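S.K.: My file is protein-v8.txt. It has compact mmCIF, C-alpha atoms and all ligand atoms:
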```
# COMPACT_ATOMS: atom_id res chain seq x y z
CA MET A 25 0.00 0.00 0.00
CA ASN A 26 0.97 3.61 -0.46
CA PRO A 27 2.49 4.45 2.96
CA LEU A 28 1.35 8.07 2.65
CA LEU A 29 -2.27 6.94 3.11
CA SER A 30 -1.52 6.25 6.77
CA ARG A 31 -0.69 9.94 7.28
CA LEU A 32 -4.27 11.04 6.45
CA GLN A 33 -6.28 12.37 9.41
CA PRO A 34 -9.89 11.31 10.10
CA TYR A 35 -12.29 13.66 8.30
CA PRO A 36 -14.11 16.10 10.68
CA PHE A 37 -17.47 14.41 10.10
CA GLU A 38 -15.98 11.07 11.16
CA ARG A 39 -14.71 12.74 14.33
CA LEU A 40 -18.16 14.25 14.84
CA ARG A 41 -19.75 10.79 14.62
CA GLN A 42 -17.38 9.58 17.30
CA LEU A 43 -18.02 12.66 19.47
CA PHE A 44 -21.77 12.04 19.29
CA ALA A 45 -21.61 8.22 19.57
CA ASP A 46 -22.94 8.14 23.15
CA VAL A 47 -25.12 11.27 22.97
CA GLN A 48 -28.88 10.78 23.17
CA PRO A 49 -30.43 13.72 21.25
CA ASN A 50 -33.56 15.20 22.80
CA ALA A 51 -36.37 13.38 20.95
CA ALA A 52 -38.85 16.13 21.81
CA CYS A 53 -37.16 18.39 19.22
CA ARG A 54 -36.92 17.46 15.54
CA PRO A 55 -33.29 17.20 14.43
CA ILE A 56 -31.72 20.23 12.72
CA SER A 57 -28.21 20.03 11.29
CA LEU A 58 -26.03 23.09 10.80
CA GLY A 59 -23.08 20.73 10.60
CA ILE A 60 -22.49 20.01 6.93
CA GLY A 61 -21.71 22.75 4.41
CA GLU A 62 -23.86 21.35 1.65
CA PRO A 63 -26.05 23.84 -0.26
CA ARG A 64 -29.73 22.99 0.16
CA HIS A 65 -31.56 25.65 -1.84
CA PRO A 66 -33.34 24.03 -4.82
CA THR A 67 -31.48 23.49 -8.09
CA PRO A 68 -32.81 25.95 -10.73
CA ALA A 69 -35.21 24.29 -13.18
CA PHE A 70 -33.31 25.48 -16.27
CA ILE A 71 -30.20 23.57 -15.17
CA LYS A 72 -32.15 20.35 -14.71
CA GLU A 73 -33.82 20.90 -18.08
CA SER A 74 -30.46 21.46 -19.72
CA LEU A 75 -29.16 18.20 -18.24
CA ALA A 76 -32.22 16.32 -19.49
CA ALA A 77 -31.91 17.87 -22.95
CA SER A 78 -28.24 16.87 -23.25
CA LEU A 79 -28.46 13.13 -22.65
CA ALA A 80 -27.28 12.36 -26.18
CA GLY A 81 -23.85 13.28 -24.81
CA LEU A 82 -23.76 9.99 -22.90
CA ALA A 83 -22.85 8.27 -26.14
CA SER A 84 -19.40 9.86 -26.46
CA TYR A 85 -16.17 10.12 -24.49
CA PRO A 86 -15.43 13.70 -23.47
CA ALA A 87 -12.08 15.43 -24.00
CA THR A 88 -10.31 16.34 -20.75
CA ALA A 89 -10.06 19.98 -21.82
CA GLY A 90 -13.85 20.13 -22.31
CA VAL A 91 -15.60 21.54 -25.36
CA PRO A 92 -14.51 25.04 -26.48
CA ALA A 93 -18.03 26.36 -25.77
CA LEU A 94 -17.66 25.47 -22.08
CA ARG A 95 -14.24 27.10 -21.75
CA GLU A 96 -15.64 30.17 -23.53
CA ALA A 97 -18.62 30.29 -21.14
CA CYS A 98 -16.19 30.15 -18.17
CA ALA A 99 -13.98 32.87 -19.66
CA GLY A 100 -17.07 34.98 -20.37
CA TRP A 101 -18.10 34.71 -16.72
CA LEU A 102 -14.58 35.70 -15.59
CA GLN A 103 -14.81 38.75 -17.84
CA ARG A 104 -18.23 39.80 -16.56
CA ARG A 105 -17.56 39.02 -12.89
CA TYR A 106 -13.96 40.21 -12.54
CA GLY A 107 -13.27 42.25 -15.67
CA ILE A 108 -10.36 39.99 -16.62
CA ALA A 109 -9.44 38.54 -19.99
CA ALA A 110 -8.52 34.86 -19.70
CA ASP A 111 -7.73 32.94 -22.89
CA PRO A 112 -10.27 30.08 -23.05
CA ALA A 113 -7.81 27.93 -25.01
CA THR A 114 -4.93 28.07 -22.53
CA GLN A 115 -5.99 29.72 -19.27
CA VAL A 116 -9.25 27.89 -18.44
CA LEU A 117 -9.91 24.20 -17.70
CA PRO A 118 -13.16 22.50 -16.57
CA VAL A 119 -12.99 20.31 -13.45
CA ASN A 120 -15.43 17.96 -11.74
CA GLY A 121 -16.04 20.31 -8.81
CA SER A 122 -13.31 22.23 -7.07
CA ARG A 123 -12.60 19.51 -4.50
CA GLU A 124 -11.06 17.02 -6.89
CA ALA A 125 -9.18 19.85 -8.60
CA LEU A 126 -7.73 21.22 -5.36
CA PHE A 127 -6.53 17.70 -4.62
CA SER A 128 -5.16 16.77 -8.03
CA PHE A 129 -3.48 20.15 -8.52
CA ALA A 130 -1.13 19.37 -5.61
CA GLN A 131 -0.28 16.03 -7.25
CA THR A 132 0.64 17.96 -10.40
CA VAL A 133 2.65 20.75 -8.82
CA ILE A 134 4.60 19.11 -6.00
CA ASP A 135 8.11 17.74 -6.56
CA PRO A 136 8.35 15.23 -3.70
CA THR A 137 12.12 14.95 -3.96
CA GLY A 138 12.69 18.46 -2.63
CA ASP A 139 11.47 18.07 1.00
CA PRO A 140 8.44 20.16 0.00
CA VAL A 141 6.09 22.17 2.19
CA VAL A 142 2.49 23.13 1.41
CA VAL A 143 1.28 26.15 3.38
CA CYS A 144 -2.41 26.13 4.43
CA PRO A 145 -4.59 28.56 6.38
CA ASP A 146 -5.68 27.29 9.82
CA PRO A 147 -8.60 26.48 10.19
CA PHE A 148 -8.91 25.16 6.65
CA TYR A 149 -10.85 23.07 4.15
CA GLN A 150 -9.61 19.57 4.91
CA ILE A 151 -8.80 18.59 1.34
CA TYR A 152 -5.69 20.82 1.38
CA GLU A 153 -4.07 18.67 4.03
CA GLY A 154 -4.85 15.35 2.33
CA ALA A 155 -3.67 16.72 -1.00
CA ALA A 156 -0.37 17.84 0.51
CA LEU A 157 0.25 14.59 2.38
CA LEU A 158 -0.53 12.33 -0.59
CA ALA A 159 1.70 14.48 -2.82
CA GLY A 160 4.55 13.72 -0.41
CA ALA A 161 4.69 17.22 1.09
CA GLN A 162 4.60 18.45 4.65
CA PRO A 163 1.62 20.71 5.44
CA TYR A 164 2.43 23.89 7.38
CA TYR A 165 -0.54 25.56 9.07
CA VAL A 166 -0.79 29.33 9.48
CA ALA A 167 -3.34 30.63 11.95
CA THR A 168 -6.12 33.05 11.06
CA GLU A 169 -6.40 36.03 13.41
CA PRO A 170 -9.87 36.93 14.77
CA GLN A 171 -8.75 40.48 15.59
CA ARG A 172 -7.82 41.07 11.89
CA ASN A 173 -11.10 39.79 10.39
CA PHE A 174 -9.61 36.27 10.40
CA ALA A 175 -6.81 37.19 8.02
CA VAL A 176 -4.08 34.57 7.75
CA ASP A 177 -0.85 35.62 9.47
CA TRP A 178 1.39 34.87 6.45
CA ASP A 179 4.23 36.92 7.93
CA SER A 180 4.52 34.46 10.81
CA VAL A 181 5.89 31.81 8.41
CA PRO A 182 9.65 31.44 9.03
CA PRO A 183 11.98 31.98 6.02
CA GLU A 184 13.25 28.39 6.24
CA VAL A 185 9.64 27.19 5.72
CA TRP A 186 9.05 29.58 2.81
CA SER A 187 12.24 28.37 1.16
CA ARG A 188 10.83 24.80 1.07
CA THR A 189 7.30 25.88 0.10
CA GLN A 190 6.15 24.74 -3.32
CA LEU A 191 2.41 25.44 -3.01
CA ILE A 192 0.09 27.52 -0.83
CA TYR A 193 -3.67 27.29 -0.54
CA VAL A 194 -5.57 30.55 -0.15
CA CYS A 195 -9.28 30.26 0.66
CA SER A 196 -11.22 33.43 -0.14
CA PRO A 197 -14.01 33.71 0.88
CA GLY A 198 -12.74 31.50 3.69
CA ASN A 199 -14.28 28.32 4.98
CA PRO A 200 -15.10 28.51 7.89
CA THR A 201 -14.34 32.19 8.59
CA GLY A 202 -16.04 33.85 5.60
CA ALA A 203 -13.14 36.31 5.31
CA VAL A 204 -12.26 37.76 1.89
CA VAL A 205 -8.57 38.38 1.12
CA PRO A 206 -8.06 42.10 0.37
CA LEU A 207 -5.77 43.53 -2.33
CA ASP A 208 -2.91 44.35 0.07
CA GLU A 209 -2.76 40.75 1.25
CA TRP A 210 -2.66 39.56 -2.37
CA ARG A 211 0.19 42.00 -3.05
CA ARG A 212 2.13 40.47 -0.15
CA LEU A 213 1.39 36.93 -1.36
CA PHE A 214 2.58 37.73 -4.88
CA GLU A 215 5.81 39.21 -3.46
CA LEU A 216 6.38 36.06 -1.42
CA SER A 217 5.58 33.86 -4.42
CA ASP A 218 8.06 35.80 -6.59
CA ARG A 219 10.75 35.55 -3.93
CA HIS A 220 10.31 31.86 -3.07
CA GLY A 221 8.93 30.50 -6.34
CA PHE A 222 5.84 28.80 -4.93
CA VAL A 223 2.50 28.34 -6.68
CA ILE A 224 -0.72 29.85 -5.27
CA ALA A 225 -3.96 27.81 -5.42
CA SER A 226 -6.82 30.23 -4.75
CA ASP A 227 -9.98 28.42 -3.62
CA GLU A 228 -12.91 30.73 -4.35
CA CYS A 229 -15.99 28.50 -4.38
CA TYR A 230 -18.04 30.77 -2.06
CA SER A 231 -17.41 33.93 -4.13
CA GLU A 232 -21.05 34.47 -5.15
CA ILE A 233 -22.62 34.39 -1.67
CA TYR A 234 -21.84 37.74 -0.06
CA PHE A 235 -23.48 40.30 2.17
CA SER A 236 -22.27 43.76 1.24
CA GLY A 237 -22.82 45.57 -2.05
CA GLN A 238 -19.21 44.72 -2.94
CA ALA A 239 -18.61 41.33 -4.62
CA PRO A 240 -15.51 39.58 -3.19
CA LEU A 241 -12.20 40.33 -4.88
CA GLY A 242 -10.91 37.32 -6.82
CA GLY A 243 -7.30 36.15 -6.96
CA LEU A 244 -7.00 36.66 -10.72
CA GLU A 245 -8.74 40.01 -10.38
CA ALA A 246 -6.19 41.06 -7.76
CA ALA A 247 -3.34 39.86 -9.99
CA ALA A 248 -4.68 41.83 -12.97
CA GLN A 249 -5.10 44.96 -10.82
CA LEU A 250 -1.44 44.62 -9.82
CA GLY A 251 -0.33 44.29 -13.43
CA ARG A 252 0.21 40.51 -13.37
CA THR A 253 -1.98 39.74 -16.39
CA ASP A 254 -0.09 36.52 -17.13
CA PHE A 255 -1.30 35.23 -13.72
CA ARG A 256 2.14 33.71 -13.17
CA ASN A 257 2.20 31.00 -10.51
CA LEU A 258 -1.48 31.58 -9.74
CA VAL A 259 -4.50 29.34 -10.37
CA MET A 260 -8.03 30.02 -9.11
CA PHE A 261 -10.59 27.30 -8.39
CA THR A 262 -14.30 27.93 -8.66
CA SER A 263 -17.44 25.88 -8.76
CA LEU A 264 -21.13 25.79 -9.57
CA SER A 265 -21.95 23.81 -6.41
CA LYS A 266 -22.72 26.80 -4.19
CA ARG A 267 -23.28 29.44 -6.87
CA SER A 268 -25.97 27.45 -8.65
CA ASN A 269 -27.06 24.90 -5.99
CA VAL A 270 -25.78 21.87 -7.90
CA PRO A 271 -23.36 20.12 -5.50
CA GLY A 272 -24.33 16.78 -7.04
CA MET A 273 -23.51 17.86 -10.58
CA ARG A 274 -19.77 18.09 -9.85
CA SER A 275 -18.85 21.04 -12.01
CA GLY A 276 -16.34 23.83 -11.69
CA PHE A 277 -13.33 25.24 -13.46
CA VAL A 278 -9.81 26.45 -12.84
CA ALA A 279 -8.20 29.46 -14.48
CA GLY A 280 -4.85 31.21 -14.41
CA ASP A 281 -1.22 30.56 -15.35
CA ALA A 282 -1.22 28.86 -18.79
CA ALA A 283 2.04 26.98 -18.14
CA LEU A 284 0.61 25.41 -14.96
CA LEU A 285 -2.69 24.56 -16.64
CA LYS A 286 -0.84 22.83 -19.49
CA GLN A 287 0.77 20.45 -16.98
CA PHE A 288 -2.49 20.10 -15.07
CA LEU A 289 -4.26 19.08 -18.28
CA LEU A 290 -1.56 16.48 -18.92
CA TYR A 291 -1.96 15.08 -15.40
CA ARG A 292 -5.75 15.04 -15.71
CA THR A 293 -5.65 13.22 -19.04
CA TYR A 294 -3.97 10.24 -17.37
CA HIS A 295 -5.99 10.60 -14.19
CA GLY A 296 -9.17 10.30 -16.30
CA SER A 297 -11.02 13.32 -14.95
CA ALA A 298 -12.86 14.58 -18.02
CA MET A 299 -16.28 16.12 -17.39
CA SER A 300 -19.35 14.30 -18.72
CA PRO A 301 -20.68 15.90 -21.93
CA VAL A 302 -24.11 16.11 -20.28
CA VAL A 303 -22.70 18.09 -17.35
CA GLN A 304 -20.68 20.26 -19.74
CA GLN A 305 -23.87 21.42 -21.50
CA ALA A 306 -25.70 22.17 -18.25
CA SER A 307 -22.62 23.99 -16.97
CA ILE A 308 -22.59 26.25 -20.03
CA ALA A 309 -26.22 27.17 -19.28
CA ALA A 310 -25.42 27.81 -15.60
CA TRP A 311 -22.32 29.99 -16.17
CA ASN A 312 -24.22 32.04 -18.76
CA ASP A 313 -27.06 32.89 -16.38
CA GLU A 314 -26.71 35.36 -13.52
CA GLN A 315 -30.36 35.85 -12.56
CA HIS A 316 -30.54 32.67 -10.47
CA VAL A 317 -27.29 33.64 -8.71
CA VAL A 318 -28.73 37.01 -7.70
CA ALA A 319 -31.87 35.30 -6.34
CA ASN A 320 -29.81 32.71 -4.46
CA ARG A 321 -27.64 35.41 -2.89
CA ALA A 322 -30.75 37.37 -1.84
CA GLN A 323 -32.05 34.26 -0.06
CA TYR A 324 -28.79 33.93 1.94
CA GLN A 325 -28.77 37.65 2.70
CA GLU A 326 -32.28 37.48 4.11
CA LYS A 327 -31.48 34.36 6.11
CA PHE A 328 -28.36 35.87 7.70
CA ALA A 329 -30.23 39.14 8.41
CA ARG A 330 -32.86 37.20 10.36
CA VAL A 331 -30.64 34.69 12.16
CA LEU A 332 -27.79 36.94 13.30
CA PRO A 333 -29.82 39.31 15.50
CA LEU A 334 -31.06 36.24 17.40
CA LEU A 335 -27.58 34.88 18.07
CA GLN A 336 -25.55 38.03 18.57
CA PRO A 337 -26.78 38.80 22.10
CA VAL A 338 -25.59 35.39 23.34
CA LEU A 339 -22.60 34.43 21.15
CA ASP A 340 -19.44 36.07 19.82
CA VAL A 341 -20.58 36.04 16.20
CA ARG A 342 -20.78 38.52 13.34
CA LEU A 343 -21.77 38.80 9.73
CA PRO A 344 -19.01 37.27 7.57
CA ASP A 345 -17.81 38.97 4.40
CA ALA A 346 -19.15 36.05 2.39
CA GLY A 347 -19.97 32.33 2.36
CA PHE A 348 -22.76 30.54 4.21
CA TYR A 349 -21.16 29.88 7.59
CA LEU A 350 -21.27 31.54 10.97
CA TRP A 351 -18.00 31.10 12.82
CA ALA A 352 -19.10 31.66 16.39
CA GLY A 353 -17.09 31.93 19.56
CA VAL A 354 -18.54 29.93 22.48
CA ASP A 355 -17.74 29.82 26.17
CA GLY A 356 -15.37 26.99 27.02
CA SER A 357 -14.85 23.83 24.98
CA ASP A 358 -16.29 23.72 21.44
CA THR A 359 -16.70 19.93 21.59
CA ALA A 360 -18.60 20.10 24.91
CA PHE A 361 -20.82 22.83 23.42
CA ALA A 362 -21.62 20.65 20.39
CA ARG A 363 -22.38 17.57 22.52
CA GLU A 364 -24.61 19.36 25.01
CA LEU A 365 -26.47 21.26 22.28
CA LEU A 366 -27.26 18.01 20.49
CA ALA A 367 -28.32 16.26 23.71
CA GLN A 368 -30.57 19.08 24.91
CA TYR A 369 -31.88 20.67 21.69
CA ASN A 370 -31.14 18.22 18.84
CA VAL A 371 -29.15 20.79 16.84
CA THR A 372 -25.85 19.76 15.23
CA VAL A 373 -22.94 22.20 14.87
CA LEU A 374 -19.34 21.42 13.97
CA PRO A 375 -16.66 22.02 16.64
CA GLY A 376 -14.13 24.50 15.27
CA SER A 377 -11.16 22.56 16.61
CA TYR A 378 -12.00 19.74 14.15
CA LEU A 379 -11.31 22.11 11.24
CA ALA A 380 -7.91 23.23 12.52
CA ARG A 381 -4.51 21.87 13.56
CA ASP A 382 -2.16 23.08 16.22
CA ALA A 383 -0.41 26.32 15.30
CA SER A 384 2.04 28.16 17.48
CA ARG A 385 1.52 31.48 19.30
CA SER A 386 4.51 32.95 21.10
CA GLY A 387 6.05 29.48 20.91
CA ALA A 388 3.07 27.76 22.61
CA PRO A 389 0.91 25.35 20.59
CA TYR A 390 -2.79 26.21 20.29
CA ASN A 391 -5.67 25.22 18.04
CA PRO A 392 -7.07 28.31 16.26
CA GLY A 393 -10.47 26.63 15.85
CA SER A 394 -10.93 25.78 19.51
CA GLY A 395 -13.61 27.71 21.37
CA ARG A 396 -15.53 28.22 18.12
CA VAL A 397 -18.22 26.32 16.28
CA ARG A 398 -19.15 26.41 12.60
CA MET A 399 -22.82 26.74 11.70
CA ALA A 400 -23.79 26.19 8.07
CA LEU A 401 -26.92 28.21 7.28
CA VAL A 402 -27.85 26.05 4.32
CA ALA A 403 -31.41 25.03 5.22
CA GLU A 404 -34.43 27.23 4.55
CA THR A 405 -34.71 30.43 6.63
CA ALA A 406 -37.44 29.11 8.96
CA GLU A 407 -35.38 26.05 9.91
CA CYS A 408 -32.23 28.13 10.49
CA MET A 409 -34.22 30.52 12.68
CA GLU A 410 -35.62 27.65 14.70
CA ALA A 411 -32.09 26.31 15.21
CA ALA A 412 -30.94 29.78 16.28
CA GLN A 413 -33.79 30.11 18.78
CA ARG A 414 -32.88 26.76 20.31
CA ILE A 415 -29.21 27.79 20.50
CA VAL A 416 -30.21 30.98 22.32
CA GLN A 417 -32.19 28.97 24.89
CA PHE A 418 -29.30 26.55 25.24
CA VAL A 419 -26.70 29.27 25.83
CA GLN A 420 -28.96 31.05 28.32
CA SER A 421 -29.66 27.84 30.23
CA ARG A 422 -25.94 27.05 30.35
CA ALA A 423 -25.15 30.48 31.76
CA ASN A 424 -27.62 29.99 34.65
C1 LIG W 1 -13.50 25.84 0.87
C2 LIG W 1 -14.06 24.81 -0.05
N1 LIG W 1 -13.45 24.57 -1.20
C3 LIG W 1 -13.91 23.66 -2.06
C4 LIG W 1 -15.05 22.92 -1.79
C5 LIG W 1 -15.47 21.88 -2.79
O1 LIG W 1 -16.65 22.16 -3.43
P1 LIG W 1 -17.01 21.50 -4.82
O2 LIG W 1 -16.14 20.31 -5.02
O3 LIG W 1 -18.45 21.14 -4.70
O4 LIG W 1 -16.75 22.54 -5.86
C6 LIG W 1 -15.74 23.13 -0.61
C7 LIG W 1 -16.95 22.34 -0.30
O5 LIG W 1 -17.57 22.40 0.70
C8 LIG W 1 -15.24 24.11 0.30
O6 LIG W 1 -15.84 24.37 1.47
```
Could you render the structure from this file as structure tokens?
Ligand SMILES: Cc1ncc(COP(=O)(O)O)c(C=O)c1O
M.R.:
Amino acid sequence: MNPLLSRLQPYPFERLRQLFADVQPNAACRPISLGIGEPRHPTPAFIKESLAASLAGLASYPATAGVPALREACAGWLQRRYGIAADPATQVLPVNGSREALFSFAQTVIDPTGDPVVVCPDPFYQIYEGAALLAGAQPYYVATEPQRNFAVDWDSVPPEVWSRTQLIYVCSPGNPTGAVVPLDEWRRLFELSDRHGFVIASDECYSEIYFSGQAPLGGLEAAAQLGRTDFRNLVMFTSLSKRSNVPGMRSGFVAGDAALLKQFLLYRTYHGSAMSPVVQQASIAAWNDEQHVVANRAQYQEKFARVLPLLQPVLDVRLPDAGFYLWAGVDGSDTAFARELLAQYNVTVLPGSYLARDASRSGAPYNPGSGRVRMALVAETAECMEAAQRIVQFVQSRAN
């Protein structure tokens, strides 16, 4: 067996199952889960219709690069959303959701012979760690700082770590923090990338769910604003899963540095990760439509506007820049909070410490997710409000 498999950590939801194994949820309340970050708004009818109308595509093998019309639809969306000109022939590639792409990109980029490091934010989307480990690299976790809107403290990375770094993952908007990386932070990251030669993977799958009038800055958009129109050493990852409520369709794309995407296409050809022709057609329809995205965003905005005022008096929680999570500070242990909440009110939340690894602060190890829980507001507004009301009662009863 591949010995690297034994380095993988249990996925947070596996740890959650173990945490709850001996908990008896209060049967008087119907179960509500805020645990899993899976979009639950309905899939737009026109996407389902496009899938149904494209079934003839089942009769042919797809090319790994996708049909030109799909790459053009992706490039068109990049132009409209970020005002950037990406060449659909060389700077755009369809992927089967961003998860597999975030994973396989590390397998493409990492040279395991060089004692490589992959730098990840902490807390982080768990795929980064598995991707780094299976590529033969050492993950290095950099804490997010609550007092700086959960920005990642990139300057805390020692030079000897940067000099071994081959890849960094940036998550903007962040999961679980919801923080968007501003232009100054991108400038710093590009400087570091130029100095140390590492590649930046920018995970942007929550970019269309935001709460202010200002759409989140994208990595390629930041690069273009700073005059880096070749997107050197930068690839962004995006997805229809959250934007268009199609997590089961498995559709996204990557865009950026043409030289990196050429190698990524080569890797993917052997890996066998071409997108189904049926999904390609539905994806073209989805990327070309913005009306459903505006309506979806409005639904999240309304939900957050109704849930937050309930929770804010009892928890350390605020409106994120973007995404569909609340990243709430709780009193004491996050795992004890999650267990007691399930037992007493049948509401599931994810302990923040399960999404993070030990980082170091003034030389002392600490887990930047501990003392926080992640709540995914993916259900309909009424269900999220009911969960919030139960959480309020729970916190108040704990305090007494
Ligand atoms: C930060 C982040 N990146 C990527 C993904 C993967 O999404 P998908 O593979 O559906 O595009 C997720 C899914 O929850 C996520 O939270």
S.K.: Which residue, A:Val194, A:Val166, A:Leu158, A:Leu374, has the smallest gap to ligand LIG 1 (chain W) when you use all atoms listed in the file?
M.R.: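 Closest candidate: A:Val194.
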S.K.: What would the list of residues within 10 Å of (-9.9, 32.7, -20.2) (file frame) look like as an mmCIF file with C-alpha atoms, in the coordinates of the input, if all atoms listed in the file are what count?
M.R.:
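Final output, part_21.cif:
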```cif
data_model
loop_
_atom_site.group_PDB
_atom_site.id
_atom_site.type_symbol
_atom_site.label_atom_id
_atom_site.label_comp_id
_atom_site.auth_asym_id
_atom_site.auth_seq_id
_atom_site.Cartn_x
_atom_site.Cartn_y
_atom_site.Cartn_z
ATOM 1 C CA ARG A 95 -14.240 27.100 -21.750
ATOM 2 C CA GLU A 96 -15.640 30.170 -23.530
ATOM 3 C CA ALA A 97 -18.620 30.290 -21.140
ATOM 4 C CA CYS A 98 -16.190 30.150 -18.170
ATOM 5 C CA ALA A 99 -13.980 32.870 -19.660
ATOM 6 C CA GLY A 100 -17.070 34.980 -20.370
ATOM 7 C CA TRP A 101 -18.100 34.710 -16.720
ATOM 8 C CA LEU A 102 -14.580 35.700 -15.590
ATOM 9 C CA GLN A 103 -14.810 38.750 -17.840
ATOM 10 C CA ILE A 108 -10.360 39.990 -16.620
ATOM 11 C CA ALA A 109 -9.440 38.540 -19.990
ATOM 12 C CA ALA A 110 -8.520 34.860 -19.700
ATOM 13 C CA ASP A 111 -7.730 32.940 -22.890
ATOM 14 C CA PRO A 112 -10.270 30.080 -23.050
ATOM 15 C CA ALA A 113 -7.810 27.930 -25.010
ATOM 16 C CA THR A 114 -4.930 28.070 -22.530
ATOM 17 C CA GLN A 115 -5.990 29.720 -19.270
ATOM 18 C CA VAL A 116 -9.250 27.890 -18.440
ATOM 19 C CA LEU A 117 -9.910 24.200 -17.700
ATOM 20 C CA VAL A 278 -9.810 26.450 -12.840
ATOM 21 C CA ALA A 279 -8.200 29.460 -14.480
ATOM 22 C CA GLY A 280 -4.850 31.210 -14.410
ATOM 23 C CA ALA A 282 -1.220 28.860 -18.790
#
```
S.K.: List the neighbours of Tyr234 of chain A out to 7 Å using only C-alpha atoms; skip same-chain residues closer than 2 positions along the sequence, and give me the result as a VMD selection string.
M.R.: chain A and resid 232 236 239 321 345 to 347
S.K.: Save out the residues we just selected, C-alpha atoms, as a short mmCIF file (atom, residue, chain, number, x, y, z; two decimals), keeping the file's coordinate frame.
M.R.:
```cif
data_model
loop_
_atom_site.label_atom_id
_atom_site.label_comp_id
_atom_site.auth_asym_id
_atom_site.auth_seq_id
_atom_site.Cartn_x
_atom_site.Cartn_y
_atom_site.Cartn_z
CA GLU A 232 -21.05 34.47 -5.15
CA SER A 236 -22.27 43.76 1.24
CA ALA A 239 -18.61 41.33 -4.62
CA ARG A 321 -27.64 35.41 -2.89
CA ASP A 345 -17.81 38.97 4.40
CA ALA A 346 -19.15 36.05 2.39
CA GLY A 347 -19.97 32.33 2.36
#
```
S.K.: Pick from A:Ser263, A:Gly251, A:Leu32, A:Ala225: nearest to Gln162 of chain A, with all atoms listed in the file counted?
M.R.: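 Nearest candidate to Gln162 of chain A out of A:Ser263, A:Gly251, A:Leu32, A:Ala225: A:Leu32.
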S.K.: Quick one: contact table of chain A to ligand LIG 1 (chain W), 10 Å max, nearest atom pair and distance in Å to one decimal per residue, counting all atoms listed in the file, chain and number order, as a Markdown table?
M.R.:
```
| residue | atom | partner | partner_atom | distance |
| --- | --- | --- | --- | --- |
| A:Ile60 | CA | W:LIG1 | O5 | 8.3 |
| A:Gly61 | CA | W:LIG1 | O5 | 5.6 |
| A:Glu62 | CA | W:LIG1 | O5 | 6.4 |
| A:Pro63 | CA | W:LIG1 | O5 | 8.7 |
| A:Val119 | CA | W:LIG1 | O4 | 8.8 |
| A:Asn120 | CA | W:LIG1 | O2 | 7.2 |
| A:Gly121 | CA | W:LIG1 | O4 | 3.8 |
| A:Ser122 | CA | W:LIG1 | O4 | 3.7 |
| A:Arg123 | CA | W:LIG1 | O2 | 3.7 |
| A:Glu124 | CA | W:LIG1 | O2 | 6.3 |
| A:Ala125 | CA | W:LIG1 | O2 | 7.8 |
| A:Leu126 | CA | W:LIG1 | C3 | 7.4 |
| A:Phe127 | CA | W:LIG1 | C3 | 9.8 |
| A:Phe148 | CA | W:LIG1 | C1 | 7.4 |
| A:Tyr149 | CA | W:LIG1 | C1 | 5.0 |
| A:Gln150 | CA | W:LIG1 | C1 | 8.4 |
| A:Ile151 | CA | W:LIG1 | C3 | 8.0 |
| A:Tyr152 | CA | W:LIG1 | N1 | 9.0 |
| A:Val194 | CA | W:LIG1 | C1 | 9.3 |
| A:Cys195 | CA | W:LIG1 | C1 | 6.1 |
| A:Ser196 | CA | W:LIG1 | C1 | 8.0 |
| A:Pro197 | CA | W:LIG1 | C1 | 7.9 |
| A:Gly198 | CA | W:LIG1 | C1 | 6.4 |
| A:Asn199 | CA | W:LIG1 | C1 | 4.9 |
| A:Pro200 | CA | W:LIG1 | O6 | 7.7 |
| A:Gly202 | CA | W:LIG1 | C1 | 9.6 |
| A:Ser226 | CA | W:LIG1 | N1 | 9.4 |
| A:Asp227 | CA | W:LIG1 | N1 | 5.7 |
| A:Glu228 | CA | W:LIG1 | N1 | 6.9 |
| A:Cys229 | CA | W:LIG1 | N1 | 5.7 |
| A:Tyr230 | CA | W:LIG1 | C1 | 7.3 |
| A:Phe261 | CA | W:LIG1 | C3 | 8.0 |
| A:Thr262 | CA | W:LIG1 | O4 | 6.5 |
| A:Ser263 | CA | W:LIG1 | O4 | 4.5 |
| A:Leu264 | CA | W:LIG1 | O4 | 6.6 |
| A:Ser265 | CA | W:LIG1 | O3 | 4.7 |
| A:Lys266 | CA | W:LIG1 | O3 | 7.1 |
| A:Arg267 | CA | W:LIG1 | O4 | 9.6 |
| A:Asn269 | CA | W:LIG1 | O3 | 9.5 |
| A:Val270 | CA | W:LIG1 | O3 | 8.0 |
| A:Pro271 | CA | W:LIG1 | O3 | 5.1 |
| A:Gly272 | CA | W:LIG1 | O3 | 7.7 |
| A:Met273 | CA | W:LIG1 | O3 | 8.4 |
| A:Arg274 | CA | W:LIG1 | O3 | 6.1 |
| A:Ser275 | CA | W:LIG1 | O4 | 6.7 |
| A:Gly276 | CA | W:LIG1 | O4 | 6.0 |
| A:Phe277 | CA | W:LIG1 | O4 | 8.8 |
| A:Gly347 | CA | W:LIG1 | O6 | 9.0 |
| A:Phe348 | CA | W:LIG1 | O6 | 9.7 |
| A:Tyr349 | CA | W:LIG1 | O6 | 9.8 |
```
S.K.: Skip Leu216 of chain A itself and residues of its chain fewer than 6 positions away, then list as number ranges by chain all residues within 12 Å of it, counting all atoms listed in the file.
M.R.: A: 178-179, 181-183, 185-187, 189-192, 209-210, 222-224, 257
S.K.: Here is a test: counting all atoms listed in the file, which residue of A:Gln368, A:Tyr193, A:Gly59, A:Arg212 is nearest to Leu350 of chain A?
M.R.: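 Checking each candidate against Leu350 of chain A, we get A:Gly59 as the closest.
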S.K.: Measuring atom to atom with only C-alpha atoms, identify which of A:Leu284, A:Val341, A:Ile308, A:Val205 is nearest to Pro92 of chain A.
M.R.: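 Going through A:Leu284, A:Val341, A:Ile308, A:Val205 one by one, the smallest distance to Pro92 of chain A is for A:Ile308.
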